[in-house]
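For reference, structure-v5.txt (compact mmCIF, C-alpha atoms):
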# COMPACT_ATOMS: atom_id res chain seq x y z
CA MET G 1 -72.38 -14.61 -37.94
CA ALA G 2 -72.40 -12.58 -34.77
CA GLU G 3 -73.68 -9.24 -36.03
CA GLY G 4 -77.36 -9.97 -36.59
CA SER G 5 -77.63 -10.55 -40.34
CA ASP G 6 -75.64 -10.34 -43.58
CA ASP G 7 -77.11 -6.91 -44.28
CA ILE G 8 -76.12 -5.60 -40.86
CA GLN G 9 -72.58 -6.90 -41.32
CA ALA G 10 -72.36 -5.35 -44.80
CA LEU G 11 -73.69 -2.06 -43.42
CA ILE G 12 -71.11 -2.02 -40.63
CA ALA G 13 -68.31 -2.84 -43.09
CA LEU G 14 -69.40 -0.02 -45.41
CA MET G 15 -69.76 2.48 -42.57
CA ALA G 16 -66.35 1.51 -41.19
CA ARG G 17 -64.76 2.77 -44.43
CA LEU G 18 -66.11 6.30 -44.02
CA PRO G 19 -63.53 8.93 -43.00
CA GLY G 20 -63.00 9.10 -39.25
CA LEU G 21 -64.89 5.88 -38.58
CA GLY G 22 -63.64 2.36 -37.94
CA PRO G 23 -65.23 -1.03 -37.16
CA ARG G 24 -65.92 -0.09 -33.55
CA SER G 25 -67.60 3.26 -34.18
CA ALA G 26 -69.46 1.85 -37.19
CA ARG G 27 -70.90 -0.94 -35.02
CA ARG G 28 -71.92 1.61 -32.40
CA ILE G 29 -73.69 3.78 -34.97
CA VAL G 30 -75.50 0.87 -36.65
CA LEU G 31 -76.65 -0.49 -33.28
CA ALA G 32 -77.92 2.93 -32.22
CA LEU G 33 -79.83 3.27 -35.50
CA ILE G 34 -81.38 -0.19 -35.15
CA ARG G 35 -82.36 0.49 -31.55
CA LYS G 36 -84.22 3.66 -32.46
CA ARG G 37 -86.20 1.69 -35.07
CA GLY G 38 -87.67 2.92 -38.31
CA GLY G 39 -87.72 6.70 -38.08
CA GLN G 40 -84.15 7.91 -38.16
CA MET G 41 -82.72 5.01 -40.16
CA THR G 42 -85.34 5.18 -42.92
CA GLN G 43 -84.92 8.96 -43.12
CA LEU G 44 -81.16 8.57 -43.37
CA ALA G 45 -81.56 5.96 -46.14
CA GLN G 46 -83.89 8.25 -48.11
CA LEU G 47 -81.68 11.33 -47.74
CA LEU G 48 -78.56 9.39 -48.76
CA GLY G 49 -80.39 8.06 -51.80
CA SER G 50 -81.67 11.46 -52.88
CA VAL G 51 -78.33 13.21 -52.32
CA ALA G 52 -76.53 10.42 -54.22
CA THR G 53 -78.74 10.94 -57.27
CA SER G 54 -79.15 14.74 -57.18
CA SER G 55 -75.79 16.18 -56.11
CA ARG G 56 -73.31 17.35 -58.72
CA GLU G 57 -70.73 20.08 -59.30
CA CYS G 58 -71.78 23.64 -60.07
CA LEU G 59 -70.85 24.29 -63.71
CA ILE G 60 -69.47 27.74 -62.81
CA CYS G 61 -67.56 27.38 -59.55
CA GLY G 62 -67.31 23.65 -58.75
CA ASN G 63 -69.33 23.88 -55.50
CA ILE G 64 -71.63 20.92 -54.78
CA THR G 65 -75.25 21.59 -55.66
CA ASP G 66 -78.42 19.88 -56.84
CA ARG G 67 -78.82 22.19 -59.87
CA ASP G 68 -76.63 23.18 -62.80
CA GLU G 69 -75.49 26.33 -61.02
CA CYS G 70 -75.11 26.60 -57.25
CA ALA G 71 -77.02 28.92 -54.91
CA ILE G 72 -73.97 31.16 -54.49
CA CYS G 73 -73.33 31.59 -58.23
CA ILE G 74 -76.97 32.54 -58.98
CA ASP G 75 -77.42 34.78 -55.91
CA PRO G 76 -77.90 38.34 -57.30
CA ALA G 77 -77.08 39.84 -53.88
CA ARG G 78 -73.46 38.71 -53.97
CA ALA G 79 -70.59 40.82 -55.31
CA ASN G 80 -69.48 39.88 -58.84
CA GLY G 81 -66.06 41.52 -58.74
CA GLU G 82 -64.42 39.17 -56.21
CA ILE G 83 -63.52 35.53 -56.66
CA CYS G 84 -62.29 33.48 -53.74
CA VAL G 85 -60.21 30.50 -54.89
CA VAL G 86 -60.35 27.44 -52.60
CA GLU G 87 -58.82 24.00 -52.82
CA ASP G 88 -61.88 22.06 -51.85
CA VAL G 89 -65.66 22.28 -51.34
CA ALA G 90 -65.08 21.78 -47.60
CA ASP G 91 -63.03 25.01 -47.59
CA LEU G 92 -65.84 26.85 -49.40
CA TRP G 93 -68.31 25.65 -46.77
CA ALA G 94 -65.94 26.74 -43.98
CA LEU G 95 -65.64 30.24 -45.50
CA GLU G 96 -69.44 30.48 -45.87
CA ARG G 97 -69.88 29.59 -42.21
CA GLY G 98 -67.59 32.51 -41.40
CA ARG G 99 -70.00 34.82 -43.29
CA ALA G 100 -67.16 37.25 -44.01
CA PHE G 101 -66.98 36.85 -47.79
CA ARG G 102 -69.86 37.97 -50.03
CA GLY G 103 -68.38 37.43 -53.50
CA ARG G 104 -68.13 34.33 -55.70
CA TYR G 105 -66.01 31.20 -55.40
CA HIS G 106 -63.85 28.97 -57.53
CA VAL G 107 -63.12 25.42 -56.35
CA LEU G 108 -59.85 23.96 -57.68
CA GLY G 109 -60.51 20.44 -56.45
CA GLY G 110 -56.92 19.98 -55.33
CA THR G 111 -53.49 21.59 -55.41
CA LEU G 112 -50.60 21.42 -57.85
CA SER G 113 -48.40 18.50 -56.98
CA ALA G 114 -45.35 17.29 -58.89
CA LEU G 115 -45.34 14.11 -56.80
CA ASP G 116 -48.93 13.17 -57.70
CA GLU G 117 -48.55 14.52 -61.27
CA ILE G 118 -51.32 17.10 -60.80
CA GLY G 119 -50.80 20.03 -63.18
CA PRO G 120 -52.73 23.28 -63.79
CA ASP G 121 -55.06 21.62 -66.34
CA ASP G 122 -56.16 18.97 -63.81
CA LEU G 123 -57.29 21.72 -61.43
CA GLY G 124 -59.17 23.82 -63.99
CA ILE G 125 -56.75 26.71 -63.55
CA PRO G 126 -57.11 27.68 -67.26
CA ALA G 127 -60.88 27.84 -66.70
CA LEU G 128 -60.29 30.11 -63.71
CA ILE G 129 -58.04 32.42 -65.77
CA ASP G 130 -60.73 32.54 -68.50
CA ARG G 131 -63.38 33.29 -65.92
CA ILE G 132 -61.33 36.14 -64.46
CA ARG G 133 -60.64 37.59 -67.93
CA ASP G 134 -64.23 37.30 -69.23
CA GLN G 135 -65.98 38.75 -66.19
CA ARG G 136 -65.13 42.03 -64.55
CA ILE G 137 -63.14 40.64 -61.68
CA THR G 138 -61.21 43.15 -59.59
CA GLU G 139 -59.85 40.92 -56.84
CA VAL G 140 -58.87 37.26 -56.59
CA ILE G 141 -58.50 36.00 -53.03
CA LEU G 142 -56.38 32.85 -52.86
CA ALA G 143 -57.78 31.11 -49.76
CA LEU G 144 -55.52 28.09 -50.05
CA ASN G 145 -54.15 25.98 -47.24
CA ALA G 146 -50.92 27.18 -45.65
CA THR G 147 -49.17 23.99 -46.76
CA VAL G 148 -46.32 23.66 -49.26
CA ASP G 149 -48.67 22.43 -52.04
CA GLY G 150 -51.26 25.10 -51.22
CA GLN G 151 -48.69 27.89 -51.34
CA THR G 152 -47.11 26.53 -54.54
CA THR G 153 -50.54 26.63 -56.17
CA ALA G 154 -51.14 30.16 -54.88
CA HIS G 155 -47.82 31.33 -56.36
CA TYR G 156 -48.62 29.69 -59.71
CA ILE G 157 -52.02 31.41 -59.94
CA ALA G 158 -50.59 34.75 -58.78
CA GLU G 159 -47.93 34.56 -61.51
CA ALA G 160 -50.44 33.57 -64.18
CA LEU G 161 -52.51 36.66 -63.30
CA GLU G 162 -49.57 39.07 -63.34
CA GLY G 163 -50.20 42.00 -65.64
CA SER G 164 -53.96 41.25 -65.86
CA GLY G 165 -54.75 44.25 -63.62
CA VAL G 166 -56.52 42.01 -61.10
CA ALA G 167 -55.55 42.38 -57.44
CA VAL G 168 -54.37 39.01 -56.11
CA THR G 169 -54.55 38.60 -52.33
CA GLY G 170 -54.10 35.81 -49.79
CA LEU G 171 -55.48 35.15 -46.31
CA ALA G 172 -53.60 36.77 -43.44
CA GLN G 173 -51.40 34.47 -41.40
CA GLY G 174 -51.06 34.83 -37.66
CA VAL G 175 -52.38 33.80 -34.27
CA PRO G 176 -55.86 32.18 -34.46
CA ILE G 177 -58.65 33.92 -32.49
CA GLY G 178 -58.64 32.47 -28.98
CA GLY G 179 -55.26 30.87 -29.63
CA GLU G 180 -52.68 30.61 -26.90
CA LEU G 181 -49.09 31.40 -27.88
CA ASP G 182 -47.78 28.58 -25.71
CA TYR G 183 -49.59 26.02 -27.87
CA LEU G 184 -48.72 27.50 -31.27
CA ASP G 185 -45.95 26.19 -33.51
CA ASP G 186 -42.84 28.29 -34.04
CA GLY G 187 -43.64 28.99 -37.70
CA THR G 188 -46.99 30.60 -36.87
CA ILE G 189 -45.47 32.73 -34.11
CA SER G 190 -42.67 33.94 -36.44
CA ALA G 191 -45.19 34.71 -39.20
CA ALA G 192 -47.44 36.60 -36.77
CA LEU G 193 -44.45 38.59 -35.50
CA ARG G 194 -43.26 39.49 -39.01
CA ALA G 195 -46.77 40.61 -39.98
CA ARG G 196 -47.33 42.55 -36.74
CA ARG G 197 -49.70 45.50 -36.96
CA LYS G 198 -50.08 48.83 -35.16
CA LEU G 199 -52.74 48.81 -32.40
CA MET X 1 -77.35 27.96 -47.81
CA ALA X 2 -73.69 27.11 -47.89
CA GLU X 3 -73.83 23.34 -47.82
CA GLY X 4 -74.94 22.55 -51.36
CA SER X 5 -78.67 21.87 -51.04
CA ASP X 6 -81.44 21.42 -48.49
CA ASP X 7 -81.05 17.65 -48.71
CA ILE X 8 -77.31 17.82 -48.06
CA GLN X 9 -77.89 20.07 -45.05
CA ALA X 10 -80.59 17.73 -43.71
CA LEU X 11 -78.28 14.74 -44.26
CA ILE X 12 -75.43 16.42 -42.37
CA ALA X 13 -77.77 17.38 -39.51
CA LEU X 14 -79.07 13.81 -39.25
CA MET X 15 -75.58 12.29 -39.41
CA ALA X 16 -74.34 14.73 -36.76
CA ARG X 17 -76.81 13.20 -34.29
CA LEU X 18 -75.32 9.71 -34.57
CA PRO X 19 -73.25 8.54 -31.59
CA GLY X 20 -69.64 9.70 -31.76
CA LEU X 21 -70.27 12.12 -34.62
CA GLY X 22 -70.77 15.90 -34.60
CA PRO X 23 -71.35 18.58 -37.25
CA ARG X 24 -67.70 18.56 -38.32
CA SER X 25 -67.29 14.81 -38.76
CA ALA X 26 -70.76 14.54 -40.35
CA ARG X 27 -69.79 17.18 -42.96
CA ARG X 28 -66.57 15.33 -43.64
CA ILE X 29 -68.37 12.01 -44.16
CA VAL X 30 -71.09 13.49 -46.38
CA LEU X 31 -68.51 15.31 -48.54
CA ALA X 32 -66.46 12.13 -48.91
CA LEU X 33 -69.58 10.22 -49.96
CA ILE X 34 -70.57 12.88 -52.51
CA ARG X 35 -67.03 12.99 -53.93
CA LYS X 36 -66.98 9.26 -54.55
CA ARG X 37 -70.26 9.59 -56.46
CA GLY X 38 -73.02 7.00 -56.86
CA GLY X 39 -71.51 3.69 -55.82
CA GLN X 40 -70.84 3.82 -52.11
CA MET X 41 -73.60 6.30 -51.25
CA THR X 42 -76.34 4.44 -53.10
CA GLN X 43 -75.20 1.16 -51.58
CA LEU X 44 -75.24 2.72 -48.10
CA ALA X 45 -78.75 4.08 -48.70
CA GLN X 46 -80.02 0.68 -49.83
CA LEU X 47 -78.43 -1.21 -46.93
CA LEU X 48 -79.77 1.29 -44.39
CA GLY X 49 -83.23 0.95 -45.89
CA SER X 50 -83.18 -2.83 -45.87
CA VAL X 51 -81.76 -3.08 -42.34
CA ALA X 52 -84.34 -0.56 -41.10
CA THR X 53 -87.22 -2.67 -42.40
CA SER X 54 -85.88 -6.17 -41.70
CA SER X 55 -84.09 -5.99 -38.35
CA ARG X 56 -85.89 -6.97 -35.17
CA GLU X 57 -85.27 -8.68 -31.85
CA CYS X 58 -84.87 -12.45 -31.65
CA LEU X 59 -87.98 -13.78 -29.87
CA ILE X 60 -85.85 -16.11 -27.75
CA CYS X 61 -82.74 -14.18 -26.68
CA GLY X 62 -83.23 -10.54 -27.71
CA ASN X 63 -80.29 -10.47 -30.16
CA ILE X 64 -80.82 -8.41 -33.32
CA THR X 65 -81.76 -10.49 -36.33
CA ASP X 66 -83.74 -10.40 -39.57
CA ARG X 67 -85.80 -13.51 -38.68
CA ASP X 68 -88.01 -14.49 -35.75
CA GLU X 69 -85.16 -16.38 -34.11
CA CYS X 70 -81.51 -15.40 -34.42
CA ALA X 71 -78.70 -17.44 -35.98
CA ILE X 72 -77.26 -18.28 -32.55
CA CYS X 73 -80.56 -19.54 -31.11
CA ILE X 74 -81.26 -21.85 -34.06
CA ASP X 75 -77.67 -23.11 -34.41
CA PRO X 76 -77.79 -26.85 -33.55
CA ALA X 77 -74.01 -26.91 -33.01
CA ARG X 78 -74.16 -24.70 -29.92
CA ALA X 79 -74.45 -25.98 -26.37
CA ASN X 80 -77.97 -25.80 -24.93
CA GLY X 81 -77.05 -26.07 -21.27
CA GLU X 82 -75.32 -22.67 -20.92
CA ILE X 83 -76.92 -19.24 -21.08
CA CYS X 84 -74.77 -16.13 -21.11
CA VAL X 85 -76.67 -13.09 -19.79
CA VAL X 86 -75.58 -9.74 -21.28
CA GLU X 87 -76.84 -6.21 -20.81
CA ASP X 88 -76.84 -5.24 -24.44
CA VAL X 89 -76.63 -6.57 -28.00
CA ALA X 90 -73.24 -4.82 -28.34
CA ASP X 91 -71.96 -7.00 -25.47
CA LEU X 92 -73.27 -10.14 -27.21
CA TRP X 93 -71.42 -9.15 -30.39
CA ALA X 94 -68.24 -8.49 -28.37
CA LEU X 95 -68.44 -11.95 -26.78
CA GLU X 96 -69.03 -13.57 -30.18
CA ARG X 97 -65.95 -11.84 -31.57
CA GLY X 98 -63.99 -13.45 -28.70
CA ARG X 99 -65.19 -16.90 -29.93
CA ALA X 100 -64.81 -18.29 -26.41
CA PHE X 101 -68.47 -18.99 -25.64
CA ARG X 102 -70.42 -21.63 -27.55
CA GLY X 103 -73.72 -21.64 -25.66
CA ARG X 104 -76.84 -19.46 -25.93
CA TYR X 105 -77.44 -15.84 -24.92
CA HIS X 106 -80.00 -13.74 -23.14
CA VAL X 107 -80.03 -9.98 -23.74
CA LEU X 108 -81.48 -7.97 -20.84
CA GLY X 109 -81.59 -4.69 -22.74
CA GLY X 110 -80.38 -2.69 -19.74
CA THR X 111 -79.62 -2.99 -16.03
CA LEU X 112 -81.71 -2.58 -12.90
CA SER X 113 -81.70 1.06 -11.87
CA ALA X 114 -83.64 2.60 -9.00
CA LEU X 115 -82.79 6.06 -10.31
CA ASP X 116 -84.24 5.42 -13.77
CA GLU X 117 -87.08 3.28 -12.33
CA ILE X 118 -86.01 0.19 -14.25
CA GLY X 119 -87.20 -2.95 -12.46
CA PRO X 120 -86.83 -6.70 -13.19
CA ASP X 121 -89.98 -6.74 -15.36
CA ASP X 122 -88.60 -4.04 -17.66
CA LEU X 123 -85.55 -6.20 -18.36
CA GLY X 124 -87.40 -9.45 -19.00
CA ILE X 125 -85.79 -11.08 -15.98
CA PRO X 126 -88.95 -13.16 -15.29
CA ALA X 127 -88.72 -14.42 -18.90
CA LEU X 128 -85.08 -15.36 -18.27
CA ILE X 129 -86.02 -17.26 -15.09
CA ASP X 130 -88.78 -19.09 -17.02
CA ARG X 131 -86.36 -19.94 -19.79
CA ILE X 132 -83.82 -21.33 -17.31
CA ARG X 133 -86.50 -23.40 -15.57
CA ASP X 134 -88.13 -24.75 -18.74
CA GLN X 135 -84.95 -25.76 -20.53
CA ARG X 136 -82.23 -27.93 -19.09
CA ILE X 137 -79.82 -25.15 -18.21
CA THR X 138 -76.84 -26.14 -16.08
CA GLU X 139 -74.93 -22.85 -15.99
CA VAL X 140 -75.86 -19.18 -16.22
CA ILE X 141 -72.92 -16.88 -16.93
CA LEU X 142 -73.64 -13.30 -15.91
CA ALA X 143 -71.46 -11.31 -18.34
CA LEU X 144 -72.58 -7.93 -17.06
CA ASN X 145 -70.54 -4.76 -16.93
CA ALA X 146 -68.36 -4.25 -13.84
CA THR X 147 -70.34 -1.12 -12.93
CA VAL X 148 -72.56 -0.58 -9.88
CA ASP X 149 -75.76 -1.11 -11.90
CA GLY X 150 -74.31 -4.14 -13.69
CA GLN X 151 -73.25 -5.79 -10.45
CA THR X 152 -76.59 -4.98 -8.75
CA THR X 153 -78.36 -6.71 -11.63
CA ALA X 154 -76.00 -9.69 -11.39
CA HIS X 155 -76.70 -10.05 -7.67
CA TYR X 156 -80.45 -9.83 -8.24
CA ILE X 157 -80.39 -12.60 -10.87
CA ALA X 158 -78.05 -14.76 -8.79
CA GLU X 159 -80.43 -14.48 -5.81
CA ALA X 160 -83.49 -15.23 -7.94
CA LEU X 161 -81.81 -18.45 -9.13
CA GLU X 162 -80.76 -19.59 -5.66
CA GLY X 163 -81.97 -23.09 -4.95
CA SER X 164 -82.74 -23.78 -8.62
CA GLY X 165 -79.71 -26.05 -8.96
CA VAL X 166 -78.25 -23.94 -11.76
CA ALA X 167 -74.60 -22.86 -11.45
CA VAL X 168 -74.43 -19.06 -11.58
CA THR X 169 -71.03 -17.64 -12.61
CA GLY X 170 -69.58 -14.26 -13.50
CA LEU X 171 -66.65 -13.12 -15.65
CA ALA X 172 -63.26 -13.09 -13.97
CA GLN X 173 -61.94 -9.69 -12.98
CA GLY X 174 -58.27 -8.81 -13.28
CA VAL X 175 -55.56 -7.31 -15.45
CA PRO X 176 -56.59 -7.12 -19.14
CA ILE X 177 -54.40 -9.05 -21.61
CA GLY X 178 -51.60 -6.72 -22.69
CA GLY X 179 -52.47 -4.31 -19.87
CA GLU X 180 -49.76 -2.41 -18.04
CA LEU X 181 -50.08 -2.19 -14.26
CA ASP X 182 -48.93 1.41 -14.27
CA TYR X 183 -51.97 2.47 -16.30
CA LEU X 184 -54.58 0.42 -14.40
CA ASP X 185 -56.89 1.86 -11.76
CA ASP X 186 -56.40 0.86 -8.10
CA GLY X 187 -59.66 -1.11 -7.99
CA THR X 188 -58.61 -3.43 -10.80
CA ILE X 189 -55.17 -4.00 -9.28
CA SER X 190 -56.68 -4.83 -5.87
CA ALA X 191 -59.22 -7.19 -7.48
CA ALA X 192 -56.50 -8.92 -9.50
CA LEU X 193 -54.36 -9.32 -6.37
CA ARG X 194 -57.24 -10.76 -4.33
CA ALA X 195 -58.05 -13.23 -7.11
CA ARG X 196 -54.41 -14.19 -7.68
CA ARG X 197 -53.79 -17.67 -9.02
CA LYS X 198 -51.02 -20.25 -8.75
CA LEU X 199 -48.70 -20.32 -11.75

Before anything else, please render the file you have as structure tokens.
Amino acid sequence: MAEGSDDIQALIALMARLPGLGPRSARRIVLALIRKRGGQMTQLAQLLGSVATSSRECLICGNITDRDECAICIDPARANGEICVVEDVADLWALERGRAFRGRYHVLGGTLSALDEIGPDDLGIPALIDRIRDQRITEVILALNATVDGQTTAHYIAEALEGSGVAVTGLAQGVPIGGELDYLDDGTISAALRARRKL
Amino acid sequence: MAEGSDDIQALIALMARLPGLGPRSARRIVLALIRKRGGQMTQLAQLLGSVATSSRECLICGNITDRDECAICIDPARANGEICVVEDVADLWALERGRAFRGRYHVLGGTLSALDEIGPDDLGIPALIDRIRDQRITEVILALNATVDGQTTAHYIAEALEGSGVAVTGLAQGVPIGGELDYLDDGTISAALRARRKL
């Protein structure tokens, strides 16, 4: 038993299974925590415990929250007419960091996938359609990943909303801010060229 | 407040300060933990809490343990005559994974450094000398990093043990197993050439 104690070995093994970590980085993190003593490690243990018990999905949009309805859904300052549809909570967080969107969200929790047998019902797409019909939604922004599955899902939702009078939009595709053409893939360059705009 | 709740934000901020992690990887880990619900996160919280309260330094060698003396120091099957001196607990763990050394250890907890004002007393080198004198040690293996500070520390300990009758050795330097010459630095190639051996 090289690594200190059974608990330390179990902790390293558990940490090593987290995304982006492996045995080596997990060992490094655990050692750093032990070296700093009490403080940080106890705080981390307490926060993990409290988040594990309190976090759940917002009943309206699917965001992660510690209440029934998330801070974004109950914020009276946000626009009610726009719903931004995202695949995942991580995407919602990314959009919020951008601070460009001030409406409401809807988290699908995945994309349609014939291969993985994920259909519209598994993603709560009927609930989204209901939500759009019941509330006075004027625009649905499909902020889905520019992957095959993401775009398939976007097309499905756009079709389902046809004739509902709601504007369905998608994120612009093109050159990222600060991006260098030399490092971009051909597909992005072609898309940016096709969607060129007047300066 | 995009990231769910105050606790989730605090957890991400704390995780982001761990070695090798940043805000992005911390968010990814926390989201993965929340998605898997209860199980893994609660277990992680409990293990962190128990390791934070129980782990301490072995009174004999400085290894991390949950008792007064570590599993290696109290193991009757290990050789008593050899002490392997390492800079850090991580190095001790690395040597144990190699399973090549079956003696005892001594963890310095750092290296001599004029710049950082770290002297022999800060590293417990007098305690090491006492330990070597009091017990019947026949060989001291200085498994210190091949850096300037590591080698300075090795020289200091070797000099302090001169005339004590104890054999002082260091790790061999050369080409790592599986290493390709083309990717090695000049220093390592020169060292390996100087220390060439008959086949």

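Proximity to Gly124 (chain G) was assessed for G:Leu33, G:Leu171, G:Leu181, G:Leu112 counting all atoms listed in the file; the smallest distance is recorded for G:Leu112.
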
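Residues within 12 Å of region 38-43 of chain X, counting all atoms listed in the file and excluding same-chain residues fewer than 6 positions away, are Asp7, Ala10, Leu11, Ala13, Leu14, Met15, Arg17, Leu18, Leu44, Ala45, Gln46, Leu47, Leu48, Gly49, Ser50, Val51, Ala52, Thr53, Ser54, Ser55 and Arg56 of chain G; Leu11, Ile29, Val30, Leu31, Ala32, Gly49 and Ser50 of chain X.
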
For the residues selected in the previous step, produce a file with C-alpha atoms as a PDB file, keeping the file's coordinate frame.
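In the end it all went to part09.pdb:
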ATOM      1  CA  ASP G   7     -77.110  -6.910 -44.280  1.00  0.00           C
ATOM      2  CA  ALA G  10     -72.360  -5.350 -44.800  1.00  0.00           C
ATOM      3  CA  LEU G  11     -73.690  -2.060 -43.420  1.00  0.00           C
ATOM      4  CA  ALA G  13     -68.310  -2.840 -43.090  1.00  0.00           C
ATOM      5  CA  LEU G  14     -69.400  -0.020 -45.410  1.00  0.00           C
ATOM      6  CA  MET G  15     -69.760   2.480 -42.570  1.00  0.00           C
ATOM      7  CA  ARG G  17     -64.760   2.770 -44.430  1.00  0.00           C
ATOM      8  CA  LEU G  18     -66.110   6.300 -44.020  1.00  0.00           C
ATOM      9  CA  LEU G  44     -81.160   8.570 -43.370  1.00  0.00           C
ATOM     10  CA  ALA G  45     -81.560   5.960 -46.140  1.00  0.00           C
ATOM     11  CA  GLN G  46     -83.890   8.250 -48.110  1.00  0.00           C
ATOM     12  CA  LEU G  47     -81.680  11.330 -47.740  1.00  0.00           C
ATOM     13  CA  LEU G  48     -78.560   9.390 -48.760  1.00  0.00           C
ATOM     14  CA  GLY G  49     -80.390   8.060 -51.800  1.00  0.00           C
ATOM     15  CA  SER G  50     -81.670  11.460 -52.880  1.00  0.00           C
ATOM     16  CA  VAL G  51     -78.330  13.210 -52.320  1.00  0.00           C
ATOM     17  CA  ALA G  52     -76.530  10.420 -54.220  1.00  0.00           C
ATOM     18  CA  THR G  53     -78.740  10.940 -57.270  1.00  0.00           C
ATOM     19  CA  SER G  54     -79.150  14.740 -57.180  1.00  0.00           C
ATOM     20  CA  SER G  55     -75.790  16.180 -56.110  1.00  0.00           C
ATOM     21  CA  ARG G  56     -73.310  17.350 -58.720  1.00  0.00           C
TER      22      ARG G  56
ATOM     23  CA  LEU X  11     -78.280  14.740 -44.260  1.00  0.00           C
ATOM     24  CA  ILE X  29     -68.370  12.010 -44.160  1.00  0.00           C
ATOM     25  CA  VAL X  30     -71.090  13.490 -46.380  1.00  0.00           C
ATOM     26  CA  LEU X  31     -68.510  15.310 -48.540  1.00  0.00           C
ATOM     27  CA  ALA X  32     -66.460  12.130 -48.910  1.00  0.00           C
ATOM     28  CA  GLY X  49     -83.230   0.950 -45.890  1.00  0.00           C
ATOM     29  CA  SER X  50     -83.180  -2.830 -45.870  1.00  0.00           C
TER      30      SER X  50
END

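The interatomic distance for the pair CA of Pro76 (chain X) and CA of Ala90 (chain X) works out to 23.1 Å.
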
Using all atoms listed in the file, which protein or nucleic acid residues come within 8 Å of region 141-143 of chain X? Drop anything in the same chain fewer than 4 positions from it, and give the result as a CSV table (one decimal) with C-alpha atoms, keeping the file's coordinate frame.
chain,number,residue,atom,x,y,z
X,82,GLU,CA,-75.3,-22.7,-20.9
X,83,ILE,CA,-76.9,-19.2,-21.1
X,84,CYS,CA,-74.8,-16.1,-21.1
X,85,VAL,CA,-76.7,-13.1,-19.8
X,86,VAL,CA,-75.6,-9.7,-21.3
X,87,GLU,CA,-76.8,-6.2,-20.8
X,154,ALA,CA,-76.0,-9.7,-11.4
X,168,VAL,CA,-74.4,-19.1,-11.6
X,169,THR,CA,-71.0,-17.6,-12.6
X,170,GLY,CA,-69.6,-14.3,-13.5
X,171,LEU,CA,-66.6,-13.1,-15.6

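Put simply, CA of Val140 (chain G) is 7.0 Å away from CA of Val166 (chain G).
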
Q. What lies within 9 Å of Leu123 (chain X) using all atoms listed in the file, ignoring chain neighbours under 6 positions off, as a list in words?
A. Val107, Leu108, Gly109, Gly110, Thr111 and Leu112 of chain X

Got a sec: who's within 12 Å of Ser113 (chain X), counting all atoms listed in the file, leaving out chain neighbours fewer than 2 positions off, as a short mmCIF file (atom, residue, chain, number, x, y, z; two decimals) with C-alpha atoms, in the coordinates of the input?
data_model
loop_
_atom_site.label_atom_id
_atom_site.label_comp_id
_atom_site.auth_asym_id
_atom_site.auth_seq_id
_atom_site.Cartn_x
_atom_site.Cartn_y
_atom_site.Cartn_z
CA GLY X 110 -80.38 -2.69 -19.74
CA THR X 111 -79.62 -2.99 -16.03
CA LEU X 115 -82.79 6.06 -10.31
CA ASP X 116 -84.24 5.42 -13.77
CA GLU X 117 -87.08 3.28 -12.33
CA ILE X 118 -86.01 0.19 -14.25
CA GLY X 119 -87.20 -2.95 -12.46
CA PRO X 120 -86.83 -6.70 -13.19
CA ASP X 121 -89.98 -6.74 -15.36
CA ASP X 122 -88.60 -4.04 -17.66
CA LEU X 123 -85.55 -6.20 -18.36
CA THR X 147 -70.34 -1.12 -12.93
CA VAL X 148 -72.56 -0.58 -9.88
CA ASP X 149 -75.76 -1.11 -11.90
CA GLY X 150 -74.31 -4.14 -13.69
CA GLN X 151 -73.25 -5.79 -10.45
CA THR X 152 -76.59 -4.98 -8.75
CA THR X 153 -78.36 -6.71 -11.63
CA TYR X 156 -80.45 -9.83 -8.24
#

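With only C-alpha atoms as the atoms that count, the minimum distance from chain X to the choices G:Ile129, G:Ile64, G:Ala16, G:Val175 is reached by G:Ile64.
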
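Here CA of Leu144 (chain X) stands at a distance of 19.4 Å from CA of Arg24 (chain G).
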
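The residue set within 12 Å of Leu193 (chain G), counting only C-alpha atoms and dropping same-chain residues fewer than 5 places from it, reads Gln173, Gly174, Val175, Leu181, Asp186, Gly187, Thr188 and Lys198 of chain G.
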